[in-house]
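Chemist: Before we start, here is the structure in question, set down as structure tokens.
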Amino acid sequence: MSAAAWACPLSLSLAWCRLLRQAVLVGSGFATAFGLAVLFAPWRFRISPVKPFPSKGGLDMAYPNMSRRGFAALAGVAALSALGLSGCSAGEGAQGSAAGSGAGAGAAGDGTTFSTRVESRELMGSPDACDVRVGLIMGPPSMGLSQFILAAQAGKTFNNFTFEPNGVDYVGLSALFNKGDYDICTLPSNIGPILYNNAELKNRYEVISVNNLGVLYVMTNDASVSTLDDLRGRTVYSYGEGGTPEYTIEALLAKNGLDGTFNLEFKSSPLEVLNMMQQQDGCVAILPQPFVSLAKILVNPLYIPIDLTVEWDRAFADTGSQAVTTTTIVNCQFLEEHEQAVVEYLNMAGQSVSWTLANMSDAAALQEELGTFLNNSVALDAMPYISMVNLTGEDMRTALSGFLHELYLANPDSIGGKMPGEDFYYLPPEGQLDERFLQAGLERATQHESSAGTGNGGVTASAADAQAAVEALGGK
């Protein structure tokens, strides 16, 4: 297949992307609907119920004998009316403290502390089982949830959880979340604070977990690039404008005194970035895993000289800040009415992440069918490198608030203009989370197995796997 065949079908200017993001976040219904219809039509994915069949692999969970359902990719655009956002008061959530609410109890890098701690209390809301609608970003935040999804599909959870992967469309997912289509969503780590800080949005929000630490890499077909300083004067392509990738890069460059030294140009999909790398000699890109693993097949030669998580840890060694890529956010009204369901979500997610890390081959084999990634073989190559975790409670607050503080210092707008207040961070009642799975994946993620230096080597996925992944994402 020619390089041009991999090209993303759409390309938007940076100005339009910024306008679209603003429309989503402030609630401009027409602009949001029109922009999302144009930008995200090829990449909407939904779980399609089919006849269950026995699960592969096993998980020592409270819910044995799980079944799984197949995944069907549906192309098309959500109706315009479904994406309209109403401008309502965000209530208490938007009235948290200003910049400086910073670190969690025990310090998160900016020298401040929170006054609240995990405490013994009754669960809020009803003890009865309820429906829980979960919106997912395809990829790293979803790849560890396979056993949770299977348990829910088999009716083995107390509450009725339904999961809807939304491709790489975090902007559209945010709009649907605010509209009320979901109770819980996985989102880039800076989007939750933006939602929290915007008093014009319909709902209030809290963060309940961190899903992934750092996953960003510098990739190139130029063997001369080996350090961030080598990027001076170049154009570097990336994906994720307005999300964690953009602002992680911005904060890291500012800390290293490199801000403004190269042109960072955002494309409308990861596939468009990979297409640039195929077409241009001396091309440099910054992308997250698992698209790095996809690049190993599509781009030759490929060099991966720089792991931005390693660079972040080095640059912010003085504060101890960690890069945080994705989080899970809950609608506060749902939390207050059904806290037991949120607790079950966290317990099930912790168990599923733990099982995934111990059974990567079996977990990777489920990705396509569940819609959590595009191709099982590519997922298996990427899975060791996506810094998969399930951080909750005060540990979550410490990690996330320290990261958000660094983003805030580099660019306050990256998190909505101010640090979120204490009420942004959900602390479950003492004793409600299963201690066997608390902070699942943290030790492995902080040790950070890196893709840097691997280039085209170490890939088990084939060219056919790569083509299948591209076609599944809409890049035919």
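Chain labels A, B, ... are given in the sequence in which chains occur in the structure tokens; within each chain residues are numbered consecutively from 1, and ligands are likewise numbered from 1 in the order shown.
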Just the residues within 9 Å of Tyr170 in chain A, please, counting only C-alpha atoms, with nothing from its chain fewer than 5 positions along; format it as a list in words.
Modeler: Leu136, Ile137, Ala175, Thr186, Leu187, Pro188, Ile191 and Gly243 of chain A
Chemist: Can you tell me which residues surround range 217-219 of chain A at a distance of at most 10 Å, considering only C-alpha atoms, apart from same-chain residues fewer than 3 positions away, and format the answer as a ChimeraX atom specification?
Modeler: /A:214,222,225-228,231,236-238,274,277,283-289,291-292,295-296,299,302-311,450-453,455
Chemist: Tell me, as an NGL selection string, which residues lie within 12 Å of Ala363 in chain A, counting only C-alpha atoms; anything in the same chain fewer than 2 positions away does not count.
Modeler: :A and (55-59 or 142-150 or 352-361 or 365-370 or 372-373 or 375-377 or 379-384)
Chemist: Since we have the selection now, will you write its residues out, keeping N, CA and C atoms, as a compact mmCIF listing (two decimals), in the first residue's frame?
Modeler:
# COMPACT_ATOMS: atom_id res chain seq x y z
N SER A 55 -14.82 -16.83 27.80
CA SER A 55 -13.64 -15.98 27.87
C SER A 55 -12.37 -16.80 27.82
N LYS A 56 -11.36 -16.23 27.14
CA LYS A 56 -10.04 -16.82 27.18
C LYS A 56 -9.29 -16.27 28.38
N GLY A 57 -8.33 -17.03 28.85
CA GLY A 57 -7.58 -16.57 30.00
C GLY A 57 -8.40 -16.71 31.26
N GLY A 58 -7.87 -16.24 32.35
CA GLY A 58 -8.60 -16.35 33.59
C GLY A 58 -8.25 -15.21 34.51
N LEU A 59 -9.12 -14.92 35.45
CA LEU A 59 -8.89 -13.85 36.40
C LEU A 59 -9.45 -14.28 37.74
N SER A 142 -8.03 2.16 28.31
CA SER A 142 -9.02 1.09 28.19
C SER A 142 -8.41 -0.30 28.11
N MET A 143 -7.13 -0.38 27.74
CA MET A 143 -6.52 -1.67 27.42
C MET A 143 -6.38 -2.59 28.64
N GLY A 144 -6.44 -2.01 29.84
CA GLY A 144 -6.37 -2.83 31.04
C GLY A 144 -7.71 -3.23 31.62
N LEU A 145 -8.80 -2.86 30.95
CA LEU A 145 -10.14 -3.07 31.51
C LEU A 145 -10.86 -4.28 30.94
N SER A 146 -10.17 -5.11 30.19
CA SER A 146 -10.86 -6.19 29.46
C SER A 146 -11.65 -7.11 30.39
N GLN A 147 -11.05 -7.51 31.52
CA GLN A 147 -11.74 -8.45 32.40
C GLN A 147 -12.93 -7.80 33.11
N PHE A 148 -12.84 -6.52 33.39
CA PHE A 148 -13.97 -5.77 33.94
C PHE A 148 -15.11 -5.74 32.92
N ILE A 149 -14.78 -5.43 31.66
CA ILE A 149 -15.81 -5.35 30.62
C ILE A 149 -16.48 -6.71 30.43
N LEU A 150 -15.67 -7.77 30.42
CA LEU A 150 -16.23 -9.11 30.26
C LEU A 150 -17.15 -9.48 31.41
N SER A 352 -8.83 -5.79 37.23
CA SER A 352 -8.61 -6.02 35.81
C SER A 352 -7.22 -5.57 35.38
N VAL A 353 -6.77 -4.43 35.87
CA VAL A 353 -5.42 -3.95 35.55
C VAL A 353 -4.37 -4.93 36.08
N SER A 354 -4.56 -5.41 37.30
CA SER A 354 -3.62 -6.37 37.88
C SER A 354 -3.54 -7.63 37.02
N TRP A 355 -4.70 -8.14 36.61
CA TRP A 355 -4.72 -9.34 35.76
C TRP A 355 -4.05 -9.08 34.43
N THR A 356 -4.30 -7.92 33.83
CA THR A 356 -3.72 -7.58 32.54
C THR A 356 -2.20 -7.57 32.60
N LEU A 357 -1.65 -6.96 33.63
CA LEU A 357 -0.19 -6.88 33.76
C LEU A 357 0.44 -8.25 33.94
N ALA A 358 -0.31 -9.18 34.51
CA ALA A 358 0.21 -10.54 34.73
C ALA A 358 -0.10 -11.47 33.56
N ASN A 359 -0.98 -11.05 32.65
CA ASN A 359 -1.43 -11.93 31.56
C ASN A 359 -1.55 -11.13 30.26
N MET A 360 -0.45 -10.52 29.84
CA MET A 360 -0.53 -9.59 28.71
C MET A 360 -0.96 -10.25 27.41
N SER A 361 -0.49 -11.44 27.15
CA SER A 361 -0.87 -12.11 25.91
C SER A 361 -2.37 -12.36 25.85
N ALA A 365 -5.21 -10.33 23.40
CA ALA A 365 -6.07 -11.10 22.50
C ALA A 365 -7.53 -10.67 22.55
N LEU A 366 -7.89 -9.84 23.51
CA LEU A 366 -9.28 -9.40 23.67
C LEU A 366 -9.53 -7.99 23.14
N GLN A 367 -8.49 -7.26 22.74
CA GLN A 367 -8.63 -5.83 22.48
C GLN A 367 -9.56 -5.52 21.31
N GLU A 368 -9.40 -6.19 20.19
CA GLU A 368 -10.24 -5.89 19.03
C GLU A 368 -11.70 -6.17 19.34
N GLU A 369 -11.98 -7.31 19.96
CA GLU A 369 -13.36 -7.72 20.18
C GLU A 369 -14.08 -6.79 21.15
N LEU A 370 -13.33 -6.20 22.07
CA LEU A 370 -13.94 -5.29 23.03
C LEU A 370 -13.88 -3.83 22.58
N THR A 372 -11.27 -1.92 22.60
CA THR A 372 -10.36 -1.12 23.41
C THR A 372 -9.06 -0.79 22.70
N PHE A 373 -8.73 -1.53 21.62
CA PHE A 373 -7.68 -1.11 20.70
C PHE A 373 -7.93 -1.74 19.35
N ASN A 375 -5.97 -3.47 17.12
CA ASN A 375 -5.42 -4.73 16.65
C ASN A 375 -4.75 -5.45 17.81
N ASN A 376 -5.00 -6.73 17.96
CA ASN A 376 -4.48 -7.47 19.11
C ASN A 376 -2.96 -7.59 19.10
N SER A 377 -2.38 -7.83 17.93
CA SER A 377 -0.93 -8.01 17.86
C SER A 377 -0.19 -6.72 18.16
N ALA A 379 -1.41 -4.33 19.98
CA ALA A 379 -1.65 -4.11 21.41
C ALA A 379 -0.65 -4.87 22.26
N LEU A 380 -0.35 -6.11 21.87
CA LEU A 380 0.61 -6.91 22.63
C LEU A 380 1.99 -6.28 22.61
N ASP A 381 2.41 -5.74 21.46
CA ASP A 381 3.70 -5.05 21.39
C ASP A 381 3.73 -3.81 22.28
N ALA A 382 2.60 -3.10 22.35
CA ALA A 382 2.57 -1.83 23.08
C ALA A 382 2.32 -1.98 24.57
N MET A 383 1.65 -3.03 24.97
CA MET A 383 1.14 -3.13 26.34
C MET A 383 2.19 -2.97 27.44
N PRO A 384 3.41 -3.47 27.26
CA PRO A 384 4.39 -3.26 28.34
C PRO A 384 4.80 -1.81 28.54
Chemist: Enumerate as a ChimeraX atom specification all residues of range 236-370 of chain A assigned to strand (DSSP E) by DSSP on the backbone, naming them with the chain letters and numbers the document uses.
Modeler: /A:236-239,263-267,284-288,303-307,324-331
Chemist: Mind listing the alpha helix (DSSP H) residues of range 163-402 of chain A, per DSSP on the backbone, as a VMD selection string?
Modeler: chain A and resid 170 to 179 191 to 197 244 to 255 270 to 279 291 to 298 308 to 315 332 to 337 339 to 358 360 to 364 367 to 370 376 to 382 393 to 402
Chemist: Residues near Ala341 in chain A, anyone? I mean within 12 Å using only C-alpha atoms, not counting same-chain ones fewer than 3 positions away, as an MDAnalysis selection string.
Modeler: chainID A and resid 123:134 157:161 183:184 330 334:338 344:348 428 432:433
Chemist: Write to file, as a compact mmCIF listing (two decimals), in the first residue's frame, the residues of the selection just made, with N, CA and C atoms.
Modeler:
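Writing done, so here's selection-v8.txt:
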# COMPACT_ATOMS: atom_id res chain seq x y z
N LEU A 123 -21.32 5.22 52.78
CA LEU A 123 -21.41 5.52 51.36
C LEU A 123 -22.60 6.44 51.09
N MET A 124 -22.40 7.36 50.17
CA MET A 124 -23.48 8.27 49.78
C MET A 124 -24.49 7.56 48.88
N GLY A 125 -25.72 8.00 48.92
CA GLY A 125 -26.73 7.58 47.98
C GLY A 125 -27.31 6.21 48.25
N SER A 126 -27.90 5.65 47.20
CA SER A 126 -28.64 4.39 47.30
C SER A 126 -27.71 3.19 47.33
N PRO A 127 -28.05 2.16 48.13
CA PRO A 127 -27.28 0.91 48.09
C PRO A 127 -27.74 -0.03 46.99
N ASP A 128 -28.78 0.33 46.26
CA ASP A 128 -29.35 -0.56 45.25
C ASP A 128 -28.51 -0.55 43.98
N ALA A 129 -28.54 -1.66 43.25
CA ALA A 129 -27.85 -1.75 41.96
C ALA A 129 -28.43 -0.75 40.98
N CYS A 130 -27.60 -0.26 40.07
CA CYS A 130 -28.04 0.75 39.12
C CYS A 130 -27.31 0.55 37.79
N ASP A 131 -27.75 1.26 36.77
CA ASP A 131 -27.07 1.28 35.48
C ASP A 131 -25.92 2.29 35.55
N VAL A 132 -24.77 1.91 35.00
CA VAL A 132 -23.60 2.79 34.97
C VAL A 132 -23.09 2.84 33.54
N ARG A 133 -23.14 4.01 32.95
CA ARG A 133 -22.72 4.20 31.56
C ARG A 133 -21.30 4.75 31.55
N VAL A 134 -20.40 4.02 30.90
CA VAL A 134 -18.97 4.37 30.93
C VAL A 134 -18.50 4.68 29.52
N THR A 157 -21.29 -8.48 37.56
CA THR A 157 -21.08 -7.35 38.47
C THR A 157 -22.37 -7.03 39.20
N PHE A 158 -22.26 -6.40 40.35
CA PHE A 158 -23.46 -6.04 41.11
C PHE A 158 -24.27 -5.00 40.36
N ASN A 159 -23.59 -3.98 39.84
CA ASN A 159 -24.25 -2.95 39.05
C ASN A 159 -24.16 -3.31 37.57
N ASN A 160 -25.01 -2.69 36.77
CA ASN A 160 -25.06 -2.96 35.34
C ASN A 160 -24.19 -1.95 34.60
N PHE A 161 -22.92 -2.31 34.37
CA PHE A 161 -21.98 -1.43 33.68
C PHE A 161 -22.06 -1.67 32.18
N ASP A 183 -21.94 8.40 32.79
CA ASP A 183 -21.77 8.68 34.22
C ASP A 183 -20.30 8.74 34.60
N ILE A 184 -19.48 7.96 33.91
CA ILE A 184 -18.05 7.86 34.16
C ILE A 184 -17.35 7.88 32.81
N VAL A 330 -15.86 11.21 37.10
CA VAL A 330 -17.25 10.84 37.38
C VAL A 330 -18.11 12.10 37.46
N PHE A 334 -24.06 11.66 39.88
CA PHE A 334 -24.09 10.20 39.92
C PHE A 334 -23.34 9.68 41.13
N LEU A 335 -22.19 10.25 41.44
CA LEU A 335 -21.42 9.83 42.61
C LEU A 335 -22.22 9.99 43.89
N GLU A 336 -22.90 11.10 44.03
CA GLU A 336 -23.66 11.35 45.25
C GLU A 336 -24.87 10.44 45.37
N GLU A 337 -25.42 10.02 44.23
CA GLU A 337 -26.61 9.16 44.26
C GLU A 337 -26.28 7.67 44.29
N HIS A 338 -25.06 7.30 43.80
CA HIS A 338 -24.71 5.88 43.67
C HIS A 338 -23.23 5.64 43.98
N GLU A 344 -17.46 0.08 43.29
CA GLU A 344 -17.33 -1.17 42.54
C GLU A 344 -16.51 -0.96 41.28
N TYR A 345 -16.71 0.16 40.59
CA TYR A 345 -15.92 0.45 39.40
C TYR A 345 -14.43 0.43 39.73
N LEU A 346 -14.04 1.12 40.80
CA LEU A 346 -12.61 1.19 41.15
C LEU A 346 -12.06 -0.17 41.55
N ASN A 347 -12.83 -0.96 42.28
CA ASN A 347 -12.37 -2.30 42.66
C ASN A 347 -12.22 -3.20 41.44
N MET A 348 -13.19 -3.17 40.54
CA MET A 348 -13.13 -3.99 39.35
C MET A 348 -12.00 -3.55 38.42
N PRO A 428 -12.42 7.72 48.43
CA PRO A 428 -13.43 6.75 48.86
C PRO A 428 -13.38 6.54 50.36
N GLN A 432 -13.20 0.68 51.83
CA GLN A 432 -14.11 0.30 50.74
C GLN A 432 -13.38 -0.31 49.55
N LEU A 433 -12.10 -0.01 49.37
CA LEU A 433 -11.36 -0.54 48.24
C LEU A 433 -10.59 -1.79 48.64
